$ cat input-v5.txt   # compact mmCIF, C-alpha atoms
# COMPACT_ATOMS: atom_id res chain seq x y z
CA ASP A 889 -56.66 135.38 82.58
CA ALA A 890 -53.50 137.46 82.84
CA GLY A 891 -50.28 135.75 81.88
CA VAL A 892 -46.90 136.17 83.49
CA THR A 893 -46.06 139.84 83.84
CA GLN A 894 -42.62 141.40 84.21
CA SER A 895 -41.42 144.89 84.98
CA PRO A 896 -39.79 146.99 83.81
CA THR A 897 -39.85 146.26 80.09
CA HIS A 898 -36.50 147.90 79.42
CA LEU A 899 -33.72 149.04 81.68
CA ILE A 900 -30.40 150.78 81.10
CA LYS A 901 -27.71 150.67 83.78
CA THR A 902 -24.00 151.37 84.00
CA ARG A 903 -21.27 148.98 85.07
CA GLY A 904 -21.09 148.46 88.83
CA GLN A 905 -24.70 149.38 89.48
CA GLN A 906 -27.35 147.11 90.93
CA VAL A 907 -30.68 146.18 89.35
CA THR A 908 -33.95 144.60 90.51
CA LEU A 909 -36.32 142.90 88.11
CA ARG A 910 -39.86 141.90 89.03
CA CYS A 911 -42.18 139.10 88.02
CA SER A 912 -45.80 138.23 88.77
CA PRO A 913 -46.79 134.64 88.00
CA ILE A 914 -50.05 133.37 86.59
CA SER A 915 -52.71 133.24 89.28
CA GLY A 916 -52.51 129.92 91.12
CA HIS A 917 -48.93 129.18 90.07
CA LYS A 918 -46.56 128.64 92.96
CA SER A 919 -43.29 128.15 91.09
CA VAL A 920 -41.25 130.90 89.46
CA SER A 921 -38.09 130.42 87.44
CA TRP A 922 -35.67 132.98 86.01
CA TYR A 923 -33.70 132.65 82.78
CA GLN A 924 -31.11 134.83 81.06
CA GLN A 925 -31.18 135.06 77.27
CA VAL A 926 -28.13 136.66 75.70
CA LEU A 927 -28.62 137.91 72.16
CA GLY A 928 -28.43 135.07 69.66
CA GLN A 929 -28.57 132.29 72.24
CA GLY A 930 -31.17 130.17 73.99
CA PRO A 931 -32.25 131.05 77.53
CA GLN A 932 -30.05 129.85 80.42
CA PHE A 933 -31.53 128.82 83.77
CA ILE A 934 -30.67 131.07 86.72
CA PHE A 935 -33.02 130.21 89.61
CA GLN A 936 -36.20 128.42 90.52
CA TYR A 937 -38.36 129.22 93.55
CA TYR A 938 -41.27 127.21 94.88
CA GLU A 939 -43.34 128.17 97.89
CA LYS A 940 -40.88 130.95 98.68
CA GLU A 941 -37.88 128.63 98.86
CA GLU A 942 -34.99 128.40 96.41
CA ARG A 943 -35.24 124.97 94.78
CA GLY A 944 -32.72 125.26 91.98
CA ARG A 945 -29.77 127.39 90.91
CA GLY A 946 -27.95 127.52 87.60
CA ASN A 947 -24.30 128.26 86.95
CA PHE A 948 -24.37 131.98 87.73
CA PRO A 949 -22.16 133.99 90.12
CA ASP A 950 -23.25 135.09 93.58
CA ARG A 951 -23.91 138.57 92.19
CA PHE A 952 -27.25 137.09 91.12
CA SER A 953 -29.87 136.57 93.80
CA ALA A 954 -33.62 136.24 93.95
CA ARG A 955 -36.51 135.85 96.29
CA GLN A 956 -40.17 134.92 96.20
CA PHE A 957 -42.86 136.66 98.20
CA PRO A 958 -45.94 135.23 99.98
CA ASN A 959 -48.10 136.19 96.96
CA TYR A 960 -45.67 134.12 94.79
CA SER A 961 -44.32 137.14 92.92
CA SER A 962 -40.56 137.23 92.60
CA GLU A 963 -37.61 139.58 92.28
CA LEU A 964 -34.27 138.97 90.62
CA ASN A 965 -31.37 141.11 91.83
CA VAL A 966 -28.05 141.54 90.10
CA ASN A 967 -25.23 143.39 91.85
CA ALA A 968 -22.04 144.90 90.47
CA LEU A 969 -23.31 144.82 86.90
CA LEU A 970 -20.94 143.82 84.12
CA LEU A 971 -21.26 144.49 80.41
CA GLY A 972 -21.85 140.77 79.94
CA ASP A 973 -25.02 140.96 82.02
CA SER A 974 -26.76 142.70 79.13
CA ALA A 975 -29.52 140.32 78.13
CA LEU A 976 -33.23 139.59 78.09
CA TYR A 977 -34.28 138.28 81.50
CA LEU A 978 -37.23 135.95 81.34
CA CYS A 979 -39.51 134.86 84.14
CA ALA A 980 -41.55 131.67 83.90
CA SER A 981 -44.26 130.37 86.18
CA SER A 982 -45.66 126.89 86.65
CA LEU A 983 -48.03 125.09 88.97
CA GLU A 984 -45.67 122.55 90.50
CA ASP A 985 -42.09 122.03 91.54
CA ARG A 986 -40.48 118.93 90.14
CA VAL A 987 -43.23 117.53 87.98
CA VAL A 988 -41.44 116.99 84.70
CA THR A 989 -44.62 117.29 82.65
CA ASP A 990 -45.51 120.64 84.17
CA THR A 991 -45.47 123.46 81.63
CA GLN A 992 -43.56 126.65 82.26
CA TYR A 993 -45.27 129.80 80.95
CA PHE A 994 -42.99 132.70 80.11
CA GLY A 995 -43.41 136.41 80.50
CA PRO A 996 -42.34 138.95 77.86
CA GLY A 997 -39.04 139.59 79.57
CA THR A 998 -37.03 142.57 80.77
CA ARG A 999 -34.38 143.85 78.39
CA LEU A 1000 -31.35 144.94 80.46
CA THR A 1001 -28.62 146.99 78.82
CA VAL A 1002 -25.41 147.62 80.77
CA LEU A 1003 -23.24 150.48 79.49
CA ALA B 1444 -26.88 115.45 82.04
CA GLN B 1445 -29.45 116.90 79.69
CA SER B 1446 -28.62 118.79 76.51
CA VAL B 1447 -30.22 119.79 73.23
CA THR B 1448 -28.74 120.28 69.76
CA GLN B 1449 -30.67 122.16 67.14
CA LEU B 1450 -29.09 121.12 63.90
CA ASP B 1451 -29.88 124.25 61.87
CA SER B 1452 -29.39 127.82 63.03
CA HIS B 1453 -31.39 129.17 60.08
CA VAL B 1454 -34.08 127.60 57.89
CA SER B 1455 -35.70 129.38 54.96
CA VAL B 1456 -38.86 128.08 53.25
CA SER B 1457 -41.42 129.45 50.84
CA GLU B 1458 -44.95 130.14 51.99
CA GLY B 1459 -47.11 127.04 51.52
CA THR B 1460 -44.19 124.57 51.62
CA PRO B 1461 -43.41 122.15 54.46
CA VAL B 1462 -41.33 123.11 57.49
CA LEU B 1463 -38.81 120.82 59.22
CA LEU B 1464 -36.82 122.03 62.23
CA ARG B 1465 -34.43 119.42 63.59
CA CYS B 1466 -33.63 118.70 67.22
CA ASN B 1467 -31.55 116.01 68.93
CA TYR B 1468 -31.43 115.62 72.68
CA SER B 1469 -29.32 113.94 75.32
CA SER B 1470 -30.90 112.84 78.57
CA SER B 1471 -30.02 110.49 81.39
CA TYR B 1472 -33.62 109.62 82.19
CA SER B 1473 -37.01 109.76 80.57
CA PRO B 1474 -37.26 113.37 79.52
CA SER B 1475 -40.05 115.72 78.72
CA LEU B 1476 -39.46 117.62 75.49
CA PHE B 1477 -40.91 120.92 74.40
CA TRP B 1478 -40.88 123.28 71.46
CA TYR B 1479 -41.24 127.00 72.18
CA VAL B 1480 -41.53 129.83 69.66
CA GLN B 1481 -40.30 133.38 70.15
CA HIS B 1482 -41.50 136.17 67.90
CA PRO B 1483 -39.43 139.38 67.77
CA ASN B 1484 -39.67 141.40 70.97
CA LYS B 1485 -42.05 138.91 72.52
CA GLY B 1486 -41.81 136.20 75.15
CA LEU B 1487 -41.66 132.48 74.62
CA GLN B 1488 -44.86 130.66 73.66
CA LEU B 1489 -45.30 126.92 74.08
CA LEU B 1490 -46.00 125.15 70.78
CA LEU B 1491 -46.19 121.58 72.04
CA LYS B 1492 -44.81 119.14 74.58
CA TYR B 1493 -43.99 115.42 74.80
CA THR B 1494 -44.51 113.75 78.15
CA SER B 1495 -44.15 109.99 77.47
CA ALA B 1496 -47.65 109.50 76.14
CA ALA B 1497 -48.15 109.41 72.35
CA THR B 1498 -44.91 109.77 70.41
CA LEU B 1499 -46.56 112.01 67.80
CA VAL B 1500 -47.48 115.25 69.46
CA LYS B 1501 -49.78 117.85 67.94
CA GLY B 1502 -49.42 121.48 68.91
CA ILE B 1503 -50.85 124.84 68.11
CA ASN B 1504 -50.94 126.49 64.68
CA GLY B 1505 -50.65 123.19 62.80
CA PHE B 1506 -47.25 122.19 64.19
CA GLU B 1507 -46.43 118.66 65.29
CA ALA B 1508 -43.38 116.77 66.48
CA GLU B 1509 -42.43 113.11 66.71
CA PHE B 1510 -40.43 111.67 69.60
CA LYS B 1511 -38.00 109.00 68.36
CA LYS B 1512 -36.13 107.46 71.28
CA SER B 1513 -33.89 105.29 69.10
CA GLU B 1514 -32.67 108.39 67.27
CA THR B 1515 -32.88 110.72 70.31
CA SER B 1516 -34.70 113.17 68.07
CA PHE B 1517 -37.71 115.44 68.41
CA HIS B 1518 -38.08 117.19 65.06
CA LEU B 1519 -40.75 119.86 64.54
CA THR B 1520 -42.82 119.85 61.35
CA LYS B 1521 -45.64 121.74 59.70
CA PRO B 1522 -47.21 120.76 56.36
CA SER B 1523 -47.59 124.29 55.00
CA ALA B 1524 -45.69 127.37 56.17
CA HIS B 1525 -47.42 130.68 56.72
CA MET B 1526 -45.78 134.10 56.78
CA SER B 1527 -46.76 134.45 60.44
CA ASP B 1528 -44.60 131.39 61.29
CA ALA B 1529 -41.43 133.44 60.84
CA ALA B 1530 -39.81 133.44 64.28
CA GLU B 1531 -37.14 131.81 66.46
CA TYR B 1532 -37.88 128.25 67.55
CA PHE B 1533 -36.36 126.55 70.59
CA CYS B 1534 -36.22 122.85 71.36
CA VAL B 1535 -36.20 122.26 75.12
CA VAL B 1536 -35.54 119.22 77.34
CA ARG B 1537 -36.32 118.58 80.98
CA ASP B 1538 -35.13 115.45 82.75
CA THR B 1539 -37.24 113.63 85.31
CA GLY B 1540 -36.62 115.23 88.69
CA ARG B 1541 -34.83 118.23 87.23
CA ARG B 1542 -36.18 121.67 87.77
CA ALA B 1543 -34.48 123.57 84.99
CA LEU B 1544 -35.38 123.61 81.33
CA THR B 1545 -32.40 123.23 78.99
CA PHE B 1546 -32.79 125.14 75.75
CA GLY B 1547 -31.19 124.57 72.40
CA SER B 1548 -29.48 127.45 70.65
CA GLY B 1549 -32.53 128.14 68.49
CA THR B 1550 -33.48 127.93 64.81
CA ARG B 1551 -34.53 131.07 63.01
CA LEU B 1552 -37.30 130.30 60.51
CA GLN B 1553 -37.68 132.60 57.53
CA VAL B 1554 -40.76 132.33 55.33
CA GLN B 1555 -40.45 133.76 51.84
CA PRO B 1556 -43.53 134.99 49.96
$ encode --input "input-v5.txt" --output "structure tokens"
Amino acid sequence: DAGVTQSPTHLIKTRGQQVTLRCSPISGHKSVSWYQQVLGQGPQFIFQYYEKEERGRGNFPDRFSARQFPNYSSELNVNALLLGDSALYLCASSLEDRVVTDTQYFGPGTRLTVL
Amino acid sequence: AQSVTQLDSHVSVSEGTPVLLRCNYSSSYSPSLFWYVQHPNKGLQLLLKYTSAATLVKGINGFEAEFKKSETSFHLTKPSAHMSDAAEYFCVVRDTGRRALTFGSGTRLQVQP
């Protein structure tokens, strides 16, 4: 079975631009979460979507937004890019919403570089 | 509030010797705890998870971890390191009812030949 897939793999943007990252969850998974991993740090939670609704949001500015589509794939949008947005963006999918034992499976990530 | 402290940023061992990666957590409720591994330029892979069943949890590739509530610890161990174990390891906590995973800052494991 295919795992979580993300596109693109790498992306280079300049300050002030906008970017869209895409994620396809494991088949049958209805929950998608997004994390930002800055070099040398652990991932930080950005959003979680379940059944196309936002269910959780981390401590990120409004420049970050996301949505989930009827096929459960998801997009993360970042507007007005800053140098500090350079990071690996990870998507994770899981079966459920708030089941604490549910495992989140991660994709390979999108490496965003802002110049 | 949930948080995780990984006590060592770097650990270096020789191939064939035991591995110990230390993790302490803080949680308001009964948490689930996870260890993930990240190899260079790859995504995160789940090694094992604790979900309030047995306190000694066995994972993939010979790794195991023991949940100790009295010490709020969840240390990761392996009896004999292999070169392929060299990677970044993350201890992760998730509180009951919380949606987000909270990651530690990571421990980089080096395995010397």
$ closest_residue --input "input-v5.txt" --among "B:Val1536, B:Ala1508, B:Leu1519, B:Val1454" --to "chain A" --atoms "only C-alpha atoms"
B:Val1536
$ interface_residues --input "input-v5.txt" --of "chain A" --to "chain B" --cutoff "12 Å" --atoms "only C-alpha atoms" --output "PyMOL selection string"
chain A and resi 891-894+897-898+919-938+942-947+976-982+984-999
$ write_last_selection --input "input-v5.txt" --atoms "C-alpha atoms" --output "PDB file, in the frame of the given file"
ATOM      1  CA  GLY A 891     -50.280 135.750  81.880  1.00  0.00           C
ATOM      2  CA  VAL A 892     -46.900 136.170  83.490  1.00  0.00           C
ATOM      3  CA  THR A 893     -46.060 139.840  83.840  1.00  0.00           C
ATOM      4  CA  GLN A 894     -42.620 141.400  84.210  1.00  0.00           C
ATOM      5  CA  THR A 897     -39.850 146.260  80.090  1.00  0.00           C
ATOM      6  CA  HIS A 898     -36.500 147.900  79.420  1.00  0.00           C
ATOM      7  CA  SER A 919     -43.290 128.150  91.090  1.00  0.00           C
ATOM      8  CA  VAL A 920     -41.250 130.900  89.460  1.00  0.00           C
ATOM      9  CA  SER A 921     -38.090 130.420  87.440  1.00  0.00           C
ATOM     10  CA  TRP A 922     -35.670 132.980  86.010  1.00  0.00           C
ATOM     11  CA  TYR A 923     -33.700 132.650  82.780  1.00  0.00           C
ATOM     12  CA  GLN A 924     -31.110 134.830  81.060  1.00  0.00           C
ATOM     13  CA  GLN A 925     -31.180 135.060  77.270  1.00  0.00           C
ATOM     14  CA  VAL A 926     -28.130 136.660  75.700  1.00  0.00           C
ATOM     15  CA  LEU A 927     -28.620 137.910  72.160  1.00  0.00           C
ATOM     16  CA  GLY A 928     -28.430 135.070  69.660  1.00  0.00           C
ATOM     17  CA  GLN A 929     -28.570 132.290  72.240  1.00  0.00           C
ATOM     18  CA  GLY A 930     -31.170 130.170  73.990  1.00  0.00           C
ATOM     19  CA  PRO A 931     -32.250 131.050  77.530  1.00  0.00           C
ATOM     20  CA  GLN A 932     -30.050 129.850  80.420  1.00  0.00           C
ATOM     21  CA  PHE A 933     -31.530 128.820  83.770  1.00  0.00           C
ATOM     22  CA  ILE A 934     -30.670 131.070  86.720  1.00  0.00           C
ATOM     23  CA  PHE A 935     -33.020 130.210  89.610  1.00  0.00           C
ATOM     24  CA  GLN A 936     -36.200 128.420  90.520  1.00  0.00           C
ATOM     25  CA  TYR A 937     -38.360 129.220  93.550  1.00  0.00           C
ATOM     26  CA  TYR A 938     -41.270 127.210  94.880  1.00  0.00           C
ATOM     27  CA  GLU A 942     -34.990 128.400  96.410  1.00  0.00           C
ATOM     28  CA  ARG A 943     -35.240 124.970  94.780  1.00  0.00           C
ATOM     29  CA  GLY A 944     -32.720 125.260  91.980  1.00  0.00           C
ATOM     30  CA  ARG A 945     -29.770 127.390  90.910  1.00  0.00           C
ATOM     31  CA  GLY A 946     -27.950 127.520  87.600  1.00  0.00           C
ATOM     32  CA  ASN A 947     -24.300 128.260  86.950  1.00  0.00           C
ATOM     33  CA  LEU A 976     -33.230 139.590  78.090  1.00  0.00           C
ATOM     34  CA  TYR A 977     -34.280 138.280  81.500  1.00  0.00           C
ATOM     35  CA  LEU A 978     -37.230 135.950  81.340  1.00  0.00           C
ATOM     36  CA  CYS A 979     -39.510 134.860  84.140  1.00  0.00           C
ATOM     37  CA  ALA A 980     -41.550 131.670  83.900  1.00  0.00           C
ATOM     38  CA  SER A 981     -44.260 130.370  86.180  1.00  0.00           C
ATOM     39  CA  SER A 982     -45.660 126.890  86.650  1.00  0.00           C
ATOM     40  CA  GLU A 984     -45.670 122.550  90.500  1.00  0.00           C
ATOM     41  CA  ASP A 985     -42.090 122.030  91.540  1.00  0.00           C
ATOM     42  CA  ARG A 986     -40.480 118.930  90.140  1.00  0.00           C
ATOM     43  CA  VAL A 987     -43.230 117.530  87.980  1.00  0.00           C
ATOM     44  CA  VAL A 988     -41.440 116.990  84.700  1.00  0.00           C
ATOM     45  CA  THR A 989     -44.620 117.290  82.650  1.00  0.00           C
ATOM     46  CA  ASP A 990     -45.510 120.640  84.170  1.00  0.00           C
ATOM     47  CA  THR A 991     -45.470 123.460  81.630  1.00  0.00           C
ATOM     48  CA  GLN A 992     -43.560 126.650  82.260  1.00  0.00           C
ATOM     49  CA  TYR A 993     -45.270 129.800  80.950  1.00  0.00           C
ATOM     50  CA  PHE A 994     -42.990 132.700  80.110  1.00  0.00           C
ATOM     51  CA  GLY A 995     -43.410 136.410  80.500  1.00  0.00           C
ATOM     52  CA  PRO A 996     -42.340 138.950  77.860  1.00  0.00           C
ATOM     53  CA  GLY A 997     -39.040 139.590  79.570  1.00  0.00           C
ATOM     54  CA  THR A 998     -37.030 142.570  80.770  1.00  0.00           C
ATOM     55  CA  ARG A 999     -34.380 143.850  78.390  1.00  0.00           C
TER      56      ARG A 999
END
$ atom_distance --input "input-v5.txt" --atom1 "atom CA of Gly1459 of chain B" --atom2 "atom CA of Thr1498 of chain B"
25.7 Å
$ atom_distance --input "input-v5.txt" --atom1 "atom CA of Gly904 of chain A" --atom2 "atom CA of Thr1001 of chain A"
12.6 Å
$ residues_around --input "input-v5.txt" --residues "Glu1509 of chain B" --least-positions-apart "3" --cutoff "9 Å" --atoms "all atoms listed in the file" --output "list in words"
Tyr1493, Ala1497, Thr1498, Leu1499, Val1500, Lys1501, Ser1516, Phe1517, His1518, Leu1519 and Thr1520 of chain B
$ atom_distance --input "input-v5.txt" --atom1 "atom CA of Ala890 of chain A" --atom2 "atom CA of Pro913 of chain A"
8.9 Å
$ closest_residue --input "input-v5.txt" --among "B:Gln1553, B:Ser1471, B:Ser1527, B:Thr1515" --to "His1453 of chain B" --atoms "all atoms listed in the file"
B:Gln1553
$ residues_around --input "input-v5.txt" --residues "Leu1000 of chain A" --least-positions-apart "2" --cutoff "6 Å" --atoms "all atoms listed in the file" --output "list of chain:residue names"
A:Leu899, A:Ile900, A:Ser974, A:Ala975
$ closest_residue --input "input-v5.txt" --among "B:Ser1455, B:Ser1446, B:Ser1523, B:Ser1513" --to "Tyr1468 of chain B" --atoms "all atoms listed in the file"
B:Ser1446
$ closest_residue --input "input-v5.txt" --among "A:Arg910, A:His917, A:Arg951, A:Lys940" --to "Ala968 of chain A" --atoms "all atoms listed in the file"
A:Arg951
$ closest_residue --input "input-v5.txt" --among "A:Ile914, A:Leu1003, A:Leu971, A:Gln906" --to "Phe952 of chain A" --atoms "only C-alpha atoms"
A:Gln906
$ closest_residue --input "input-v5.txt" --among "B:Glu1458, B:Trp1478, B:Phe1506, B:Tyr1472" --to "Gln1555 of chain B" --atoms "only C-alpha atoms"
B:Glu1458
$ build_atoms --input "input-v5.txt" --residues "segment 898-909 of chain A" --atoms "all heavy atoms" --output "CSV table (one decimal), in the frame of the given file"
chain,number,residue,atom,x,y,z
A,898,HIS,N,-37.9,147.6,79.8
A,898,HIS,CA,-36.5,147.9,79.4
A,898,HIS,C,-35.8,148.6,80.6
A,898,HIS,O,-36.5,149.3,81.3
A,898,HIS,CB,-36.4,148.8,78.2
A,898,HIS,CG,-37.0,148.2,76.9
A,898,HIS,ND1,-38.3,148.2,76.6
A,898,HIS,CD2,-36.3,147.5,76.0
A,898,HIS,CE1,-38.5,147.6,75.5
A,898,HIS,NE2,-37.3,147.1,75.0
A,899,LEU,N,-34.5,148.4,80.6
A,899,LEU,CA,-33.7,149.0,81.7
A,899,LEU,C,-32.3,149.3,81.2
A,899,LEU,O,-31.7,148.4,80.5
A,899,LEU,CB,-33.7,148.1,82.9
A,899,LEU,CG,-33.5,148.5,84.3
A,899,LEU,CD1,-34.5,149.6,84.6
A,899,LEU,CD2,-33.7,147.4,85.2
A,900,ILE,N,-31.8,150.5,81.4
A,900,ILE,CA,-30.4,150.8,81.1
A,900,ILE,C,-29.7,151.1,82.4
A,900,ILE,O,-30.1,152.0,83.1
A,900,ILE,CB,-30.3,151.9,80.1
A,900,ILE,CG1,-31.0,151.6,78.8
A,900,ILE,CG2,-28.9,152.3,79.8
A,900,ILE,CD1,-31.1,152.7,77.8
A,901,LYS,N,-28.5,150.4,82.6
A,901,LYS,CA,-27.7,150.7,83.8
A,901,LYS,C,-26.3,150.8,83.3
A,901,LYS,O,-25.9,150.5,82.2
A,901,LYS,CB,-27.8,149.5,84.8
A,901,LYS,CG,-29.2,149.3,85.4
A,901,LYS,CD,-29.4,150.4,86.4
A,901,LYS,CE,-30.7,150.1,87.2
A,901,LYS,NZ,-30.9,151.1,88.3
A,902,THR,N,-25.4,151.3,84.3
A,902,THR,CA,-24.0,151.4,84.0
A,902,THR,C,-23.3,150.3,84.8
A,902,THR,O,-23.8,149.8,85.8
A,902,THR,CB,-23.4,152.8,84.3
A,902,THR,OG1,-23.7,153.1,85.7
A,902,THR,CG2,-24.1,153.8,83.4
A,903,ARG,N,-22.1,150.0,84.4
A,903,ARG,CA,-21.3,149.0,85.1
A,903,ARG,C,-21.1,149.3,86.6
A,903,ARG,O,-20.9,150.5,86.9
A,903,ARG,CB,-19.9,148.9,84.4
A,903,ARG,CG,-19.9,148.1,83.2
A,903,ARG,CD,-18.5,148.1,82.6
A,903,ARG,NE,-18.1,149.5,82.1
A,903,ARG,CZ,-16.9,149.8,81.7
A,903,ARG,NH1,-16.0,148.9,81.6
A,903,ARG,NH2,-16.6,151.0,81.3
A,904,GLY,N,-21.2,148.3,87.4
A,904,GLY,CA,-21.1,148.5,88.8
A,904,GLY,C,-22.4,148.7,89.6
A,904,GLY,O,-22.4,148.6,90.8
A,905,GLN,N,-23.4,149.1,88.8
A,905,GLN,CA,-24.7,149.4,89.5
A,905,GLN,C,-25.4,148.1,89.8
A,905,GLN,O,-25.0,147.0,89.5
A,905,GLN,CB,-25.6,150.2,88.6
A,905,GLN,CG,-25.2,151.7,88.5
A,905,GLN,CD,-26.2,152.5,87.8
A,905,GLN,OE1,-26.7,152.2,86.7
A,905,GLN,NE2,-26.6,153.6,88.4
A,906,GLN,N,-26.5,148.2,90.5
A,906,GLN,CA,-27.4,147.1,90.9
A,906,GLN,C,-28.7,147.3,90.3
A,906,GLN,O,-29.2,148.4,90.0
A,906,GLN,CB,-27.5,147.1,92.5
A,906,GLN,CG,-28.4,146.1,93.0
A,906,GLN,CD,-29.8,146.6,93.3
A,906,GLN,OE1,-30.0,147.8,93.4
A,906,GLN,NE2,-30.8,145.7,93.4
A,907,VAL,N,-29.4,146.1,90.0
A,907,VAL,CA,-30.7,146.2,89.4
A,907,VAL,C,-31.6,145.2,90.0
A,907,VAL,O,-31.2,144.1,90.5
A,907,VAL,CB,-30.5,145.9,87.8
A,907,VAL,CG1,-30.1,144.4,87.6
A,907,VAL,CG2,-31.8,146.2,87.1
A,908,THR,N,-32.9,145.5,90.0
A,908,THR,CA,-34.0,144.6,90.5
A,908,THR,C,-35.0,144.4,89.4
A,908,THR,O,-35.6,145.4,89.0
A,908,THR,CB,-34.6,145.1,91.8
A,908,THR,OG1,-33.6,145.2,92.8
A,908,THR,CG2,-35.7,144.2,92.3
A,909,LEU,N,-35.3,143.2,89.1
A,909,LEU,CA,-36.3,142.9,88.1
A,909,LEU,C,-37.5,142.2,88.8
A,909,LEU,O,-37.2,141.4,89.7
A,909,LEU,CB,-35.7,142.0,87.0
A,909,LEU,CG,-34.4,142.4,86.4
A,909,LEU,CD1,-34.0,141.4,85.3
A,909,LEU,CD2,-34.5,143.8,85.8
